[in-house]
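Trainee: Dropping in query17.txt, which is compact mmCIF, C-alpha atoms and all ligand atoms:
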```txt
# COMPACT_ATOMS: atom_id res chain seq x y z
CA MET U 1 -83.87 30.90 85.73
CA ARG U 2 -84.85 28.70 82.76
CA SER U 3 -87.67 26.24 83.14
CA ALA U 4 -86.95 22.57 82.55
CA SER U 5 -88.73 22.59 79.18
CA GLU U 6 -86.76 25.63 77.98
CA ALA U 7 -83.54 23.99 79.04
CA SER U 8 -84.36 20.83 77.14
CA ALA U 9 -85.36 22.85 74.04
CA VAL U 10 -81.95 24.53 74.09
CA GLU U 11 -80.26 21.18 74.52
CA THR U 12 -82.21 19.69 71.60
CA ALA U 13 -81.14 22.54 69.32
CA ALA U 14 -77.52 21.82 70.17
CA GLU U 15 -77.85 18.04 69.68
CA PRO U 16 -76.11 16.67 66.62
CA ALA U 17 -78.29 14.66 64.22
CA ILE U 18 -76.05 11.62 64.65
CA ARG U 19 -73.63 10.76 67.44
CA VAL U 20 -71.43 7.70 67.09
CA GLU U 21 -69.50 6.90 70.28
CA HIS U 22 -66.66 4.37 70.38
CA VAL U 23 -68.50 2.04 68.03
CA SER U 24 -66.96 -1.31 67.18
CA VAL U 25 -68.63 -4.03 65.14
CA THR U 26 -67.30 -7.58 65.03
CA TYR U 27 -68.92 -10.09 62.72
CA ARG U 28 -68.70 -13.72 63.74
CA THR U 29 -68.89 -16.14 60.86
CA SER U 30 -68.37 -19.87 60.82
CA ILE U 31 -65.60 -21.03 58.52
CA GLU U 32 -63.88 -24.21 57.48
CA LYS U 33 -60.08 -24.50 57.58
CA ASN U 34 -58.67 -26.51 54.66
CA PRO U 35 -62.00 -28.17 54.07
CA THR U 36 -62.27 -31.54 52.43
CA LEU U 37 -65.44 -33.45 51.87
CA LYS U 38 -64.53 -35.89 54.65
CA THR U 39 -63.73 -33.27 57.30
CA THR U 40 -66.77 -31.24 56.34
CA LEU U 41 -69.04 -34.24 56.75
CA MET U 42 -67.40 -35.17 60.06
CA ARG U 43 -67.77 -31.64 61.44
CA LEU U 44 -71.35 -31.40 60.26
CA GLY U 45 -72.04 -34.76 61.91
CA ARG U 46 -70.61 -33.52 65.21
CA GLY U 47 -72.27 -30.10 64.89
CA GLU U 48 -68.84 -28.45 65.10
CA ARG U 49 -68.16 -25.03 63.68
CA LEU U 50 -65.03 -22.94 63.51
CA VAL U 51 -65.74 -19.29 64.06
CA SER U 52 -63.85 -16.46 62.45
CA GLU U 53 -64.14 -12.89 63.67
CA ILE U 54 -64.02 -9.91 61.36
CA LYS U 55 -63.57 -6.55 63.02
CA ALA U 56 -65.49 -4.36 60.58
CA LEU U 57 -65.46 -1.21 62.75
CA ARG U 58 -62.85 -0.36 65.39
CA ASP U 59 -63.64 2.30 67.96
CA VAL U 60 -65.22 4.82 65.61
CA SER U 61 -66.47 8.11 67.10
CA PHE U 62 -67.89 11.19 65.40
CA GLU U 63 -70.82 13.59 65.36
CA VAL U 64 -72.80 14.81 62.39
CA PRO U 65 -74.48 18.20 62.96
CA HIS U 66 -78.00 18.74 61.58
CA GLY U 67 -77.99 19.85 57.95
CA THR U 68 -74.64 18.29 57.08
CA VAL U 69 -74.26 16.34 53.84
CA LEU U 70 -71.52 13.84 54.66
CA GLY U 71 -69.81 11.72 52.02
CA ILE U 72 -68.22 8.43 53.07
CA VAL U 73 -65.48 6.96 50.90
CA GLY U 74 -63.09 4.05 51.30
CA ALA U 75 -61.94 0.80 49.75
CA ASN U 76 -64.06 -2.35 49.53
CA GLY U 77 -64.41 -3.88 52.96
CA ALA U 78 -63.43 -0.67 54.79
CA GLY U 79 -66.61 -0.80 56.91
CA LYS U 80 -68.78 1.81 55.18
CA SER U 81 -71.91 -0.31 54.82
CA THR U 82 -71.44 -1.66 58.34
CA LEU U 83 -71.35 1.91 59.64
CA MET U 84 -74.49 2.80 57.69
CA ARG U 85 -76.29 -0.28 59.01
CA THR U 86 -75.45 0.57 62.61
CA ILE U 87 -76.63 4.16 62.14
CA ALA U 88 -79.82 2.88 60.46
CA GLY U 89 -80.41 0.71 63.55
CA ILE U 90 -80.38 -2.53 61.55
CA LEU U 91 -77.15 -3.79 63.11
CA PRO U 92 -76.45 -3.26 66.81
CA PRO U 93 -72.83 -2.30 67.53
CA THR U 94 -70.75 -4.88 69.37
CA GLU U 95 -69.36 -2.05 71.50
CA GLY U 96 -70.19 1.63 71.86
CA ARG U 97 -73.39 3.45 71.08
CA VAL U 98 -75.17 5.31 68.30
CA GLU U 99 -77.64 8.14 68.88
CA VAL U 100 -79.85 9.40 66.08
CA HIS U 101 -82.06 12.47 66.44
CA GLY U 102 -84.68 12.68 63.71
CA ARG U 103 -86.70 10.56 61.33
CA VAL U 104 -84.43 8.32 59.28
CA SER U 105 -84.99 7.07 55.75
CA THR U 106 -82.54 4.56 54.36
CA LEU U 107 -81.54 3.40 50.94
CA LEU U 108 -79.04 0.65 51.55
CA ALA U 109 -77.55 -1.68 49.00
CA LEU U 110 -77.76 -4.55 51.49
CA GLY U 111 -79.99 -4.93 54.47
CA VAL U 112 -83.49 -3.57 54.36
CA GLY U 113 -85.34 -3.92 51.14
CA PHE U 114 -88.65 -4.69 49.59
CA ASN U 115 -90.43 -8.00 49.87
CA ARG U 116 -90.22 -9.37 46.35
CA ASN U 117 -93.39 -11.40 46.69
CA LEU U 118 -95.49 -8.32 47.36
CA SER U 119 -96.54 -5.86 44.70
CA GLY U 120 -94.85 -2.51 44.25
CA ARG U 121 -97.97 -0.85 45.64
CA GLU U 122 -97.95 -3.00 48.79
CA ASN U 123 -94.24 -2.42 49.34
CA VAL U 124 -94.58 1.36 49.00
CA ILE U 125 -97.48 1.41 51.47
CA LEU U 126 -95.65 -0.80 53.98
CA GLY U 127 -92.52 1.33 53.58
CA GLY U 128 -94.52 4.51 54.21
CA LEU U 129 -96.21 3.09 57.29
CA ALA U 130 -92.87 1.85 58.62
CA ALA U 131 -91.50 5.37 58.11
CA GLY U 132 -94.33 6.71 60.26
CA LEU U 133 -96.45 8.46 57.60
CA ASP U 134 -100.16 8.73 58.36
CA ARG U 135 -102.82 7.55 55.90
CA ASP U 136 -103.56 10.91 54.20
CA HIS U 137 -99.92 11.79 53.89
CA LEU U 138 -99.21 8.35 52.52
CA GLU U 139 -101.84 8.64 49.78
CA GLU U 140 -100.38 11.91 48.61
CA LYS U 141 -96.82 10.54 48.75
CA TYR U 142 -97.81 7.36 46.95
CA ASP U 143 -98.66 9.27 43.77
CA GLU U 144 -95.45 11.30 43.93
CA ILE U 145 -93.37 8.15 44.45
CA VAL U 146 -94.91 6.30 41.52
CA GLU U 147 -94.69 9.31 39.24
CA PHE U 148 -91.04 9.87 40.05
CA ALA U 149 -90.18 6.19 39.56
CA GLU U 150 -92.22 6.14 36.30
CA LEU U 151 -93.59 2.71 37.11
CA GLU U 152 -97.34 3.32 36.91
CA GLU U 153 -98.08 0.16 34.91
CA PHE U 154 -95.99 -2.05 37.19
CA MET U 155 -97.32 -1.16 40.63
CA ASP U 156 -99.64 -4.16 40.92
CA LEU U 157 -97.10 -6.73 39.81
CA PRO U 158 -95.09 -8.64 42.44
CA MET U 159 -91.66 -7.05 42.66
CA ARG U 160 -89.92 -10.28 41.66
CA ALA U 161 -91.16 -9.41 38.17
CA TYR U 162 -89.21 -6.12 38.22
CA SER U 163 -85.88 -5.68 36.48
CA SER U 164 -83.06 -4.66 38.84
CA GLY U 165 -83.18 -1.10 37.48
CA MET U 166 -86.91 -0.89 38.13
CA TYR U 167 -86.42 -2.23 41.66
CA GLY U 168 -83.71 0.38 42.28
CA ARG U 169 -85.87 3.18 40.90
CA LEU U 170 -88.73 2.38 43.24
CA ALA U 171 -86.37 2.04 46.22
CA PHE U 172 -84.77 5.41 45.43
CA SER U 173 -88.12 7.07 44.95
CA VAL U 174 -89.50 5.78 48.27
CA ALA U 175 -86.40 6.81 50.22
CA VAL U 176 -86.28 10.37 48.91
CA HIS U 177 -90.02 11.03 49.18
CA MET U 178 -90.38 10.15 52.87
CA ASP U 179 -89.41 13.69 53.93
CA PRO U 180 -86.71 12.29 56.20
CA ASP U 181 -84.75 14.43 58.64
CA ILE U 182 -81.87 12.05 58.05
CA LEU U 183 -81.29 10.21 54.79
CA LEU U 184 -78.79 7.34 54.55
CA ILE U 185 -77.74 6.32 51.05
CA ASP U 186 -75.36 3.43 50.44
CA GLU U 187 -74.19 2.92 46.86
CA ALA U 188 -77.56 3.76 45.48
CA LEU U 189 -76.89 7.04 43.71
CA SER U 190 -76.64 5.41 40.35
CA VAL U 191 -79.73 3.30 39.89
CA GLY U 192 -81.59 2.91 36.66
CA ASP U 193 -80.59 3.91 33.17
CA ALA U 194 -78.67 7.05 32.20
CA ARG U 195 -81.77 9.22 32.05
CA PHE U 196 -83.07 8.11 35.45
CA ARG U 197 -79.60 8.57 36.94
CA ARG U 198 -79.55 12.21 35.84
CA LYS U 199 -82.99 12.68 37.31
CA SER U 200 -82.09 11.05 40.63
CA PHE U 201 -78.89 13.08 40.85
CA ALA U 202 -80.93 16.28 40.39
CA LYS U 203 -83.29 15.09 43.14
CA MET U 204 -80.33 14.40 45.43
CA ARG U 205 -78.96 17.87 44.78
CA GLU U 206 -82.35 19.35 45.65
CA LEU U 207 -82.46 17.36 48.94
CA CYS U 208 -78.87 18.31 49.78
CA GLU U 209 -79.78 21.97 49.46
CA GLN U 210 -82.71 21.64 51.87
CA ALA U 211 -80.68 21.59 55.09
CA ARG U 212 -81.36 17.92 55.74
CA THR U 213 -78.77 15.59 57.21
CA ILE U 214 -77.61 13.18 54.52
CA LEU U 215 -74.97 10.45 54.56
CA ILE U 216 -73.85 9.20 51.17
CA VAL U 217 -71.58 6.18 50.71
CA SER U 218 -70.29 6.05 47.16
CA HIS U 219 -67.35 5.12 44.98
CA ALA U 220 -68.54 7.85 42.59
CA LEU U 221 -66.07 10.41 43.92
CA GLY U 222 -67.20 13.18 41.57
CA SER U 223 -70.69 12.98 43.06
CA ILE U 224 -69.29 13.12 46.60
CA ARG U 225 -67.29 16.21 45.67
CA GLU U 226 -70.32 17.87 44.17
CA LEU U 227 -73.01 16.99 46.72
CA CYS U 228 -71.28 16.87 50.09
CA ASP U 229 -70.03 19.54 52.43
CA GLN U 230 -67.94 17.19 54.57
CA ALA U 231 -66.36 13.85 53.82
CA VAL U 232 -64.83 10.98 55.73
CA TRP U 233 -62.40 8.34 54.53
CA MET U 234 -62.89 4.93 56.15
CA HIS U 235 -59.90 2.59 56.16
CA LYS U 236 -59.91 -0.93 57.64
CA GLY U 237 -62.68 -0.15 60.09
CA THR U 238 -61.28 3.16 61.31
CA MET U 239 -61.80 6.77 60.35
CA LYS U 240 -58.65 7.83 58.54
CA LEU U 241 -59.54 11.41 57.61
CA TRP U 242 -62.46 13.80 58.10
CA ASP U 243 -62.25 17.04 56.16
CA ALA U 244 -63.70 19.02 53.25
CA PRO U 245 -64.61 16.67 50.35
CA ASP U 246 -61.83 17.98 48.09
CA ALA U 247 -59.15 17.30 50.69
CA VAL U 248 -60.49 13.83 51.55
CA ILE U 249 -60.89 12.72 47.95
CA ASP U 250 -57.46 14.02 46.96
CA ALA U 251 -55.85 12.08 49.82
CA TYR U 252 -57.91 8.97 49.10
CA THR U 253 -57.20 8.89 45.35
CA GLU U 254 -53.51 9.50 46.02
CA PHE U 255 -53.56 6.54 48.41
CA LEU U 256 -55.32 4.37 45.81
CA GLY U 257 -52.82 5.42 43.20
CA VAL U 258 -55.48 5.99 40.60
CA ARG U 259 -56.30 9.05 38.63
CA GLU U 260 -59.73 10.34 39.51
CA ALA U 261 -60.52 10.95 35.84
CA VAL U 262 -60.73 7.18 35.45
CA ILE U 263 -63.14 6.89 38.37
CA ASP U 264 -65.22 9.87 37.26
CA LYS U 265 -66.29 8.04 34.14
CA GLU U 266 -68.34 5.85 36.47
CA ASP U 267 -70.08 8.90 37.88
CA VAL U 268 -73.46 10.20 37.03
N1 LIG O 1 -72.77 -10.06 57.21
C1 LIG O 1 -71.44 -10.13 57.35
N2 LIG O 1 -70.87 -11.21 57.94
C2 LIG O 1 -69.53 -11.30 58.09
N3 LIG O 1 -68.67 -10.36 57.71
C3 LIG O 1 -69.16 -9.27 57.10
C4 LIG O 1 -70.57 -9.09 56.89
N4 LIG O 1 -70.76 -7.90 56.27
C5 LIG O 1 -69.54 -7.36 56.11
N5 LIG O 1 -68.57 -8.17 56.61
C6 LIG O 1 -67.12 -7.89 56.66
O1 LIG O 1 -66.94 -6.63 57.29
C7 LIG O 1 -65.96 -5.86 56.64
C8 LIG O 1 -66.57 -4.51 56.24
O2 LIG O 1 -67.57 -4.74 55.25
P1 LIG O 1 -68.51 -3.59 54.69
O3 LIG O 1 -69.59 -4.24 53.91
O4 LIG O 1 -68.91 -2.70 55.81
O5 LIG O 1 -67.49 -2.82 53.72
P2 LIG O 1 -67.73 -1.60 52.72
O6 LIG O 1 -66.81 -0.51 53.11
O7 LIG O 1 -69.19 -1.28 52.65
O8 LIG O 1 -67.22 -2.21 51.34
P3 LIG O 1 -67.75 -2.01 49.82
O9 LIG O 1 -67.08 -0.79 49.27
O10 LIG O 1 -67.28 -3.25 49.14
O11 LIG O 1 -69.25 -1.90 49.86
C9 LIG O 1 -65.45 -6.72 55.49
O12 LIG O 1 -64.25 -7.32 55.89
C10 LIG O 1 -66.54 -7.76 55.27
O13 LIG O 1 -65.95 -8.98 54.87
MG MG O 2 -70.65 -1.44 51.14
```
Please, can you express the file's structure as structure tokens?

Mentor:
Amino acid sequence: MRSASEASAVETAAEPAIRVEHVSVTYRTSIEKNPTLKTTLMRLGRGERLVSEIKALRDVSFEVPHGTVLGIVGANGAGKSTLMRTIAGILPPTEGRVEVHGRVSTLLALGVGFNRNLSGRENVILGGLAAGLDRDHLEEKYDEIVEFAELEEFMDLPMRAYSSGMYGRLAFSVAVHMDPDILLIDEALSVGDARFRRKSFAKMRELCEQARTILIVSHALGSIRELCDQAVWMHKGTMKLWDAPDAVIDAYTEFLGVREAVIDKEDV
């Protein structure tokens, strides 16, 4: 007979890295119907608000096994970033549940980010501590992060003084150097100038080969084809297709009615 600890070890090995179960997300936003200055002022005066609901995810379920590099494609507003935010734990699902097994590092276009009033150095240190790195590990990582981002002279400036490319480079560098078990990347494959983009793509390829679990949301379909071993097509808050990247991207580009060659120009 197996002991309890052996049994749980076996169970852990069989656990997927990410389990999404019947997840729905509904955003509630206040809106104004046919607003005029008068009605707006009257409603504000009465404290009235009309609320509109947007169902961004509708009963989405899937599992991502450890070591899978999953690409997520879909039109604007399909729910990709919402899905990434729920998996990252930033946005609780309205219904359903998300289980994540492993240390997560995120690089999301919206949502978490640096505090622009703090210096690059302070942001990197806070990011490292938040990711659970201890002091020694953090010191070692700090140098790697700064070297990769090539921002040595800028680390003591507040980040509001960074250009958007510099901001993106530091964010990318932090996310990929945290040794995450699970890395979530939303639209952040192509930060920086052409040279940095090549470098970050090479880094991504290296991470993808290291049996980590990685989720990449991107409109750069060539990169999804090249980096991922599975892909999912999100459509109006539901999962339309889950298959090999080639099959998913072919179906998606056919649906869009665009030639991929046009899109590929945007790729790294
Ligand atoms: N904070 C928010 N408040 C209200 N509605 C939101 C919010 N964020 C997203 N939505 C809505 O949820 C839906 C899904 O948005 P989401 O950002 O997840 O799409 P996406 O697939 O990431 O699109 P894109 O390719 O443009 O990044 C959209 O209809 C959007 O209008
Ligand atoms: Mg998005």

Trainee: Can you pull out every residue with an atom within 12 Å of ligand MG 2 (chain O)? Use all atoms listed in the file and format it as a list in words.

Mentor: Ala56, Ile72, Val73, Gly74, Ala75, Asn76, Gly77, Ala78, Gly79, Lys80, Ser81, Thr82, Leu83, Met84, Arg85, Leu107, Leu108, Ala109, Leu110, Gly111, Ile185, Asp186, Glu187, Ala188, Ile216, Val217, Ser218, His219 and Met234 of chain U

Trainee: Could you check the closest approach to ligand LIG 1 (chain O) for each of U:Arg43, U:Arg225, U:His22, U:Arg58 and tell me which residue wins, using all atoms listed in the file?

Mentor: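 Under the stated criterion, the closest residue is U:Arg58.
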
Trainee: Rounded to one decimal in Å, what is the spacing between atom CA of Trp233 of chain U and atom CA of Ile214 of chain U?

Mentor: 16.0 Å

Trainee: Rounded to one decimal place, report the atom CA of Ala220 of chain U-atom CA of Glu150 of chain U distance in Å.

Mentor: 24.6 Å

Trainee: Can you work out the spacing between atom CA of Ser105 of chain U and atom CA of Ala171 of chain U in Å, to one decimal?

Mentor: 10.9 Å

Trainee: Determine the nearest neighbour of ligand LIG 1 (chain O) from the options U:Gly237, U:Gly102, U:Gly127, U:Gly96, counting all atoms listed in the file.

Mentor: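 Going through U:Gly237, U:Gly102, U:Gly127, U:Gly96 one by one, the smallest distance to ligand LIG 1 (chain O) is for U:Gly237.
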
Trainee: Could you check which of U:Phe154, U:His235, U:Phe255, U:Pro35 is closest to ligand LIG 1 (chain O), using all atoms listed in the file?

Mentor: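 Once distances to ligand LIG 1 (chain O) are computed over all atoms listed in the file, the minimum belongs to U:His235.
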